[in-house]
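Student: My questions will all concern the structure given below.
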Amino acid sequence: MADPQKKAMYWEPIEEGRVHCRLCPQSCRISDGAVGVCRVRKNGDGVLRSLNYGRVTSVNFDPMEKKPLFHFFPGSSILSIGTLGCNLSCGFCQNWQISQEEVPTQSLDPQQALRQAEAYPDNLGIAYTYNEPFIWYEYVLETALLIREAGQKNVLVTNGYVEEEPLRELLPFIDAMNVDVKSMRDEFYRKLCRGKAGPAKRTVEIAHDTCHVEVTNLVIPGWNDSDEDFREMVDWVAGVDPNIPLHFSRYHPAYQMTEPATPANTLYRARDIAREKLPYVYLGNIPGEDIEDTICPSCRHKVVERRGFGVRSLQVKDGKCAFCDATIPIVGN
């Protein structure tokens with residue numbers, strides 16, 4: 001059941017009845033009766049409690065490609081759940097109704113989540129998504145343990161805005177994550193998101209050593225769409241691992257931002273720049289041929305053909321190209 005009195009993890013009492021939340025880099029100092037930036041961690045009489053434990057706003061059975069995760073069990077589906085709140089305040093948030101506002105929720109405790117995951121035929125596991133899963137930390141940790149023990153997979157779709165210690169505690173139970181790295185620059189995060197750039201990059205760098213990682217960059221006109229922006233992103237990804245799939249996604253006006261949608265040509269330019277150093281680059285939120293397909297870097301054959309959120313053809317077996325036997329870094333095929 002939902003538990004508004006669930007004692008939170010990663011905090012400490014400080015002076016005058018306040019508490020210091022150490023879950024994420026916002027590092028909130030919270031007075032009695034108040035909540036942190038995320039709106040779901042509250043100081044009640046000197047104890048930090050999770051307000052969203054067991055509360056879900058969205059429950060769907062989604063294609064893995066919708067996360068987007070293109071190199072993790074392509075063509076599979078996964079039970080996807082989300083709660084409310086976020087530890088960033090992005091003016092362009094595409095899911096602002098649940099991340100920035102109060103919305104109705106239903107109760108789904110970890111055992112119920114496991115039973116629901118097991119009830120779907122061919123379900124891979126659970127994806128914690130839609131809003132920011134790290135602010136759902138206690139629930140995600142407990143549920144992920146049950147899912148792992150049941151032999152299923154745990155997936156995070158996240159902004160990566162978490163401190164290193166809680167990240168490392170959760171990672172042993174996480175099989176894959178897509179991290180939304182919004183920009184390489186603190187100025188972007190500060191002006192548009194009430195944050196900074198370093199934590200998301202650090203999350204990718206740490207998680208890459210323990211689970212499958214893909215990166216998404218939402219491209220916003222006038223903010224992070226220059227050649228220099230793209231090259232900085234690409235150089236950083238390549239420095240972590242050039243085989244990390246990079247998704248450039250089209251921005252549409254949402255929440256507080258009214259700038260026109262990103263021109264398709266901007267995303268194609270980003271892809272051209274990225275392909276100089278990265279073999280697996282994808283475009284999202286725009287129509288087009290071959291923008292979601294996986295091409296073998298060795299023989300140039302199409303090894304995964306995708307349309308929308310579906311996989312039409314999969315020519316990879318045991319991590320090898322079916323045409324030339326070159327290694328293709330795809331998990332689960």
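As shown in the structure tokens, the chain order sets the letters A, B, ...; within each chain, residues go from 1, and ligands are also counted from 1 in the order they appear.
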Got a sec to tell me which of region 60-141 of chain A DSSP assigns to alpha helix (DSSP H), as a PyMOL selection string?
Tutor: chain A and resi 96-99+110-119+137-141
Student: Do a neighbour search on Val157 (chain A) at 8 Å with only C-alpha atoms, toss out local chain neighbours closer than 5 positions, and write the hits as a VMD selection string.
Tutor: chain A and resid 67 127 to 130 132 to 133 177 to 180
Student: Would you put the residues from that selection into a file with C-alpha atoms, as a PDB file, in the first residue's frame?
Tutor:
ATOM      1  CA  LYS A  67      11.989   4.101 -23.226  1.00  0.00           C
ATOM      2  CA  ALA A 127      10.649   0.061 -16.031  1.00  0.00           C
ATOM      3  CA  TYR A 128      10.558   2.917 -13.540  1.00  0.00           C
ATOM      4  CA  THR A 129       9.758   5.833 -15.813  1.00  0.00           C
ATOM      5  CA  TYR A 130       7.431   8.732 -16.763  1.00  0.00           C
ATOM      6  CA  GLU A 132      12.066  10.814 -12.105  1.00  0.00           C
ATOM      7  CA  PRO A 133      12.513   7.375 -10.488  1.00  0.00           C
ATOM      8  CA  MET A 177      18.938   2.648 -17.920  1.00  0.00           C
ATOM      9  CA  ASN A 178      18.362   5.469 -20.320  1.00  0.00           C
ATOM     10  CA  VAL A 179      19.792   8.702 -18.933  1.00  0.00           C
ATOM     11  CA  ASP A 180      18.490  12.030 -20.194  1.00  0.00           C
TER      12      ASP A 180
END
Student: Any idea what the distance is between CA of Val140 (chain A) and CA of Gly195 (chain A)?
Tutor: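 Computed distance, CA of Val140 (chain A) to CA of Gly195 (chain A), equals 22.7 Å.
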Student: With the cut-off set at 9 Å and counting only C-alpha atoms, tabulate each residue of region 71-94 of chain A with an atom at most that distance from an atom of region 32-46 of chain A, showing the nearest atom pair and its distance in Å to one decimal, ordered by chain and increasing number, as a tab-separated table.
Tutor:
residue	atom	partner	partner_atom	distance
A:Leu84	CA	A:Val40	CA	7.8
A:Gly85	CA	A:Cys38	CA	5.4
A:Cys86	CA	A:Cys38	CA	4.7
A:Asn87	CA	A:Cys38	CA	4.2
A:Leu88	CA	A:Cys38	CA	7.2
A:Ser89	CA	A:Val37	CA	8.4
Student: Taking only C-alpha atoms into account, name the residue in A:His301, A:Lys196, A:His252, A:Arg307 that is nearest to Cys321 (chain A).
Tutor: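 For Cys321 (chain A), the nearest of the given residues is A:His301.
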Student: Which polymer residues have any atom within 12 Å of an atom of Asp209 (chain A), counting only C-alpha atoms, with same-chain residues fewer than 2 positions away left out, as a ChimeraX atom specification?
Tutor: /A:168,171-172,174-176,202-207,211-213,240-241,244
